[in-house]
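Here is the structure we will look at.
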Amino acid sequence: MSGANFVQLMLSGLAMSAIYALTATGLFVAHLATTRMNFGQGEFLMFAAYLSMALLLAGVPVLLVVAAVIVVLAMMGWGLERLAIRPLDRLRSLAGGQYSWVLTTMGVALILQNVVTLVWGKSSQYSPPLFSANRQNVVQFLGVGVFVEELLVIVVALVAILIFYAFLYRTRQGRAIYAVAFSPETASLLGIDVRRTVVLVFVMASVLAAISGVLVGPIVTVQPHMGLVFTVKAFAVASLGGFANPLGVLVGAIIFGVVESFSNYVNSAFGDLYPLLLVMALLVIKPSGLFGEAKTDVR
Amino acid sequence: MSADKHASPWPRNGAYLAMATAIFAFPLLVGNTFHIHIAQTLLYTTIAVIGLNMLLGLSGQMSLGQAGFYAIGAYGSALLTAKLGWPIAAGMLAGILLAGLAGCLVGLIALRTRGLYLAMATLAFGFMTEIAAQRWVDLTGGTMGVYGIPALDFGSSKMGKTYFLWVVGAAYLAVQIASDYVMSSRIRRKLLALKENESAARTTGINVPVWRTMVFAVSSLLAGTAGVFFTHQNAYINSDAFTLGLTLTMLIATVIGGLGTSYGPLIGTLITLMIAELIASLYDVSFLVNGLILLSVLLLFPQGAIGLVQKVAGLFRGAAREGTPEVAQSGSFSAFAPGAAPASAGPTLVIESLSKSYGGVVAVSDVSLSVDRGTVHALIGPNGAGKSTLINCVSGLYRSDSGRIQLAGKDVSHLPAHARARMGLARTFQNLQLVNSLTVMENLQLGLRSTRSIPADFSSWLLSDAFEREERARALDILRQFGMAHLASAFPEDLPYGHRKLAELARAIAEEPIVMLLDEPVAGLNDREAQEISGVIRRIRDAGTSILLVEHNMDFVMQLADRVTVLDHGERIAQGAPAEVQKDPRVVEAYLGAPLEASSATPAEAVS
C-alpha cells in the first residue's frame with residue numbers, strides 16, 4: 001500500500017465515519033431520553049438521500065435542498081413519535097412486550113422503503129455532487145489527490161456534530177434531555193415537559209438522519225434497500241461507543257469507518273462484514289462497549 | 001383459578017390427538033398437492049415461530065436474526081446432502097445442530113448484554129448471513145442456488161408429499177407439546193422472572209445468563225429446524241429465501257397470533273401465510289402491506305388473535321372472582337423446615353473483614369460479623385452507613401472488593417448470587433422485587449426448590465392430574481400463615497404495599513433458607529403490620545433459620561434482635577446485645593451527632 005493510497009483510504013473511511021457518526025448520534029440521543037430508538041433510522045437516511053437527489057436534479061439550490069430535507073425529516077420524526085412510539089405507552093407488556101417499539105419503527109421503515117421503491121424505482125442511482133461540479137473532482141491534500149466531496153462531507157458533518165453537542169450541553173433544552181434520561185418522573189416534577197422532550201429527541205434523530213442522507217448521496221450509490229445497512233452499522237457504532245456519551249459514539253464511528261475502509265481494500269467481497277463481526281466479538285468481551293459503564297440492576 | 005389449572009391433562013391431550021388425526025388424514029382427504037404443500041409450510045414455519053414466541057414472549061429477548069438461523073439450518077443440510085452425499089437424516093440433524101451452535105455463539109452476546117444489544121447483534125447477524133448467502137457463491141451458489149438436494153420423500157414420488165407432511169406434523173406436535181409444557185411449568189416462571197426482574201431471579205437461585213442463552217439457543221435451533229424442512233421440501237434453495245423479510249414474517253406471525261400464548265404461533269403463521277397468498281399478486285407493495293400489518297396489530301390489536309378470542313369468550317363467561325378471604329392463622333410453620341442447616345450450633349453466616357467501594361467512595365470498610373444459627377442479627381446505622389451495600393455483597397448481587405463470606409461453613413465469597421441462593425441464602429429487598437407478571441402463588445413457587453428432574457416434571461405434566469399439586473399446597477400453606485391464602489391468584493401490582501411486602505417475605509420462606517437477609521422488612525408498614533412481621537420472623541428463627549436484617553425502626557429492632565451491629569460511614573462502630581449497643585456513646589453520636597458544648601444554644605433557640 002502506497003502512502004498516497006493510505007491517505008485516500010483513510011479519508012474515504014473518515015467520510016463514512018462522519019455519516020455513521022451523524023446517524024448513530026441520532027440513535028444515541030433517542031435512546032438516551034427514552035431507551036427507545038428508530039429501527040428505521042437507516043430508512044430515514046435513505047429517504048433523505050432520495051429526496052435530496054430529486055430536488056438537486058430538479059435544479060433547486062443546494063442550501064434550499066438541505067433546508068427542505070431537514071424540515072421534511074423533522075416532521076417525519078414527529079410523526080414517528082406520535083404514530084409508532086407514544087401509543088405503545090398505553091399497551092405496555094402486550095404484543096411485542098417491552099420491545100414493541102422495535103417492531104413498530106421497523107414497520108414504518110418497511111412502508112417507507114416500499115414507497116421510495118414505488119416512486120423512484122429499484123435500481124441504484126447517482127446523486128449529483130453537493131459541493132463541486134462533478135463527483136470525481138479532486139484536490140491536493142497532504143500531497144495526495146483526494147475527492148472534494150469526501151473532504152467536505154467530513155467538515156460539514158463535524159460542524160453539525162459540534163452544533164449538536166453545543167445544543168446538548170449548552171442549552172436548557174439539551175439539559176432537559178439528560179434530566180428526562182435520568183428520570184422522567186423527576187424531570188416532570190422539575191417542570192420539564194417530558195412529552196415535548198421525547199418528541200424533540202425523535203425530531204433531532206430524524207434531522208441527523210436528514211443531514212447524513214443529504215451528505216451520503218454524492219459519495220455512494222443511492223438505492224431503496226440501503227437503509228438497513230446504515231441502521232445496522234449505526235447501531236454497531238453506537239454500541240461500540242457504549243450508548244454512553246456522544247463522544248463515545250464519535251470515537252466508535254471513527255474506528256468503524258476507518259476499519260471498514262481498509263477492510264474493503266483488503267477484501268472487496270466480504271470487507272464490509274468484518275467490522276460488524278469485530279463489533280459483535282467486542283460486545284462479547286466488553287458488553288458495555290468501549291466507553292459504557294456496566295450497571296448492576298439492584299434497587 | 002391457578003389451583004385448578006392443571007386439574008386434568010386429558011382435554012389438552014385430546015386436542016393433541018385431534019391434531020395428530022387431522023394431520024394424518026389431511027393429505028389422504030385432500031388430493032391437491034398445492035394444499036398439502038401449504039400445510040407442510042404452515043407446520044414447519046410454526047416450529048420456528050414457536051421458538052420466537054418463547055424467546056420474545058417468555059424471556060423478553062428480541063431477535064431480528066431468525067432468518068439467519070433458518071438459513072444456516074437450510075444450507076447446512078442442503079450442502080451436506082447434496083455436495084457431500086450424506087444421508088438425509090444425518091444432514092438434517094447436522095443442519096439443526098449447526099443452527100443451534102450458531103445460536104449459542106450469538107447467544108454469548110445475550111449472555112453478557114441486555115435487550116437492545118441483542119436486537120442489534122441479531123439484526124447484524126441476519127444481515128451478515130444474508131450477505132454471505134448471496135456473495136459466497138462458491139459455497140452457497142448465491143442467487144443461482146444449490147441443486148441436487150434430495151427431497152424427503154422416502155423414495156416415493158407418489159406418496160412423498162404425504163409422508164413429508166406426516167414427518168413435519170410429528171415434529172410440529174412434539175415442539176407444540178414441549179412449548180406447552182414450558183408455558184405451564186416452572187420454566188415459564190423462571191423465564192418471566194429473568195425477563196422482568198433480574199435481581200429477583202438471581203436471588204431465588206436462577207442462573208440468569210445461562211437461562212437467557214439457553215432460550216436463545218433453543219429458539220435458533222427451532223428456526224434451523226424449519227430451515228432444514230424448507231430445504232428438503234423444495235429440494236432447491238437459493239439466497240433469495242433468507243432475507244430480513246423472512247425474519248419479519250416470523251415476527252409478524254408471533255405478534256399477530258398473540259405473544260406468549262400456546263397456540264398463538266400456529267394461528268399467527270396461518271394468518272401470515274393466508275395474507276402472503278392474498279398479496280402474492282401485489283408483489284410491488286408487499287413491504288407496504290407487511291409494515292401496515294405490523295403497525296396495526298401492535299397498535300390496534302396488541303393481544304393478537306388468541307387474545308381477541310379470549311376477550312370475546314370472556315364477555316360471555318363473565319368475571320366471577322373465586323376464593324373467600326381466610327382468617328390469619330397463628331401457630332408454627334408446619335411446612336417450614338430449613339434446608340440443609342447444620343445441626344451444630346454456631347455461626348451459619350460469617351462475614352470477615354468485608355470491604356466494598358464505588359470508585360473512590362468507601363461504602364463498607366473492613367466489617368466483620370457472624371450470625372449464629374437460629375438467631376436474629378440486626379444491622380443498623382444512619383442513612384448511607386453501608387447497610388444495603390453489605391446485604392448486597394452478602395447475597396452476591398455486588399462483588400465485594402476484599403474479605404470473606406462463609407455460609408454454613410463454606411466459603412461463598414466467589415460464588416454468584418444464584419449459587420448462594422441455592423446453598424440456602426434467601427433475601428428480601430428494600431424496594432420490593434416481586435415478579436409482577438406472576439401471581440402471588442407463582443411468585444412463591446419461584447422460591448420453592450423443586451426436587452423433580454425436568455423429564456419427571458414433564459411426564460407428570462403430560463400424564464398426571466396432580467402436576468405441581470404438592471408445590472401449590474406448600475405455597476398455599478405458607479400463604480395461609482400470612483392470612484393471604486385468598487390472594488394466591490392475585491397479581492402483586494393489585495395488592496396493597498403491606499401485602500406485597502408479606503408476599504416477598506413468603507417467597508423467601510418458601511426457599512427454606514439457612515440464612516435469610518431482610519432489607520428493611522417493616523419500612524412503610526404500620527405498627528400492627530410491623531408486629532405481624534415481627535411474629536413471622538420469630539417463628540422463622542425458632543425453626544432454626546439465621547436472620548440478618550437491616551431496619552430503621554428501632555422498637556422493632558430492639559425487641560426482635562439477639563445481636564446488633566452498628567455501621568457508620570461503612571465501618572463497624574459497635575456490636576453486642578441490643579441493650580448494650582443502645583447505650584454505646586459512639587452509637588448515640590452517630591445517630592444524634594456530637595454532643596453540643598454546654599455554651600451552645602439551648603434547644604429552644606436552635607428551633608427558632
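Naming scheme: A, B, ... for chains in displayed order of the C-alpha cells; residues 1 onward per chain; ligands 1 onward as shown.
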* Dump as a list in words the residues of chain B that approach chain A to within 7 Å, counting only C-alpha atoms. =>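 In the required form, that comes to Gly60, Met62, Leu108, Ile109, Arg112, Thr113, Met120, Ala121, Leu123, Ala124, Met128, Ser199, Val255, Gly258, Leu259, Val285, Phe287, Leu288, Gly291, Leu292, Leu294, Leu295, Leu298, Leu299, Pro302, Gln303, Gly304 and Asn431 of chain B.
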* To do: For Arg399 in chain B, work out the shell of residues within 10 Å, counting only C-alpha atoms and skipping chain neighbours fewer than 4 positions away, then give it as a list in words.
  => Ser355, Lys356, Thr389, Asn392, Cys393, Val394, Ser395, Ser413, His414, Leu415, Pro416 and Ala417 of chain B
* Asked: Residues of range 79-240 of chain A in alpha helix (DSSP H) according to DSSP, as number ranges by chain?
  -> A: 79-80, 100-120, 148-170, 172-182, 184-189, 194-216, 226-240
* **For CA of Leu42 in chain B and CA of Ala217 in chain B, the interatomic separation in Å (one decimal)** =>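 It comes out at 22.4 Å.
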* Asked: For Pro224 in chain A, which residue out of A:Ala187, A:Val199, A:Val116, A:Ala4 is the nearest one, using only C-alpha atoms?
  ->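 Of all the options, A:Val116 lies closest to Pro224 in chain A.
Counting only C-alpha atoms and comparing A:Gly271, A:Leu152, A:Ala21, A:Ala15, the residue that lies closest to Val138 in chain A is A:Leu152.
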* Selection near Ser464 in chain B, 12 Å with only C-alpha atoms, sequence-local residues under 4 positions removed, as a ChimeraX atom specification -> /B:6-10,13,456-460,468-469
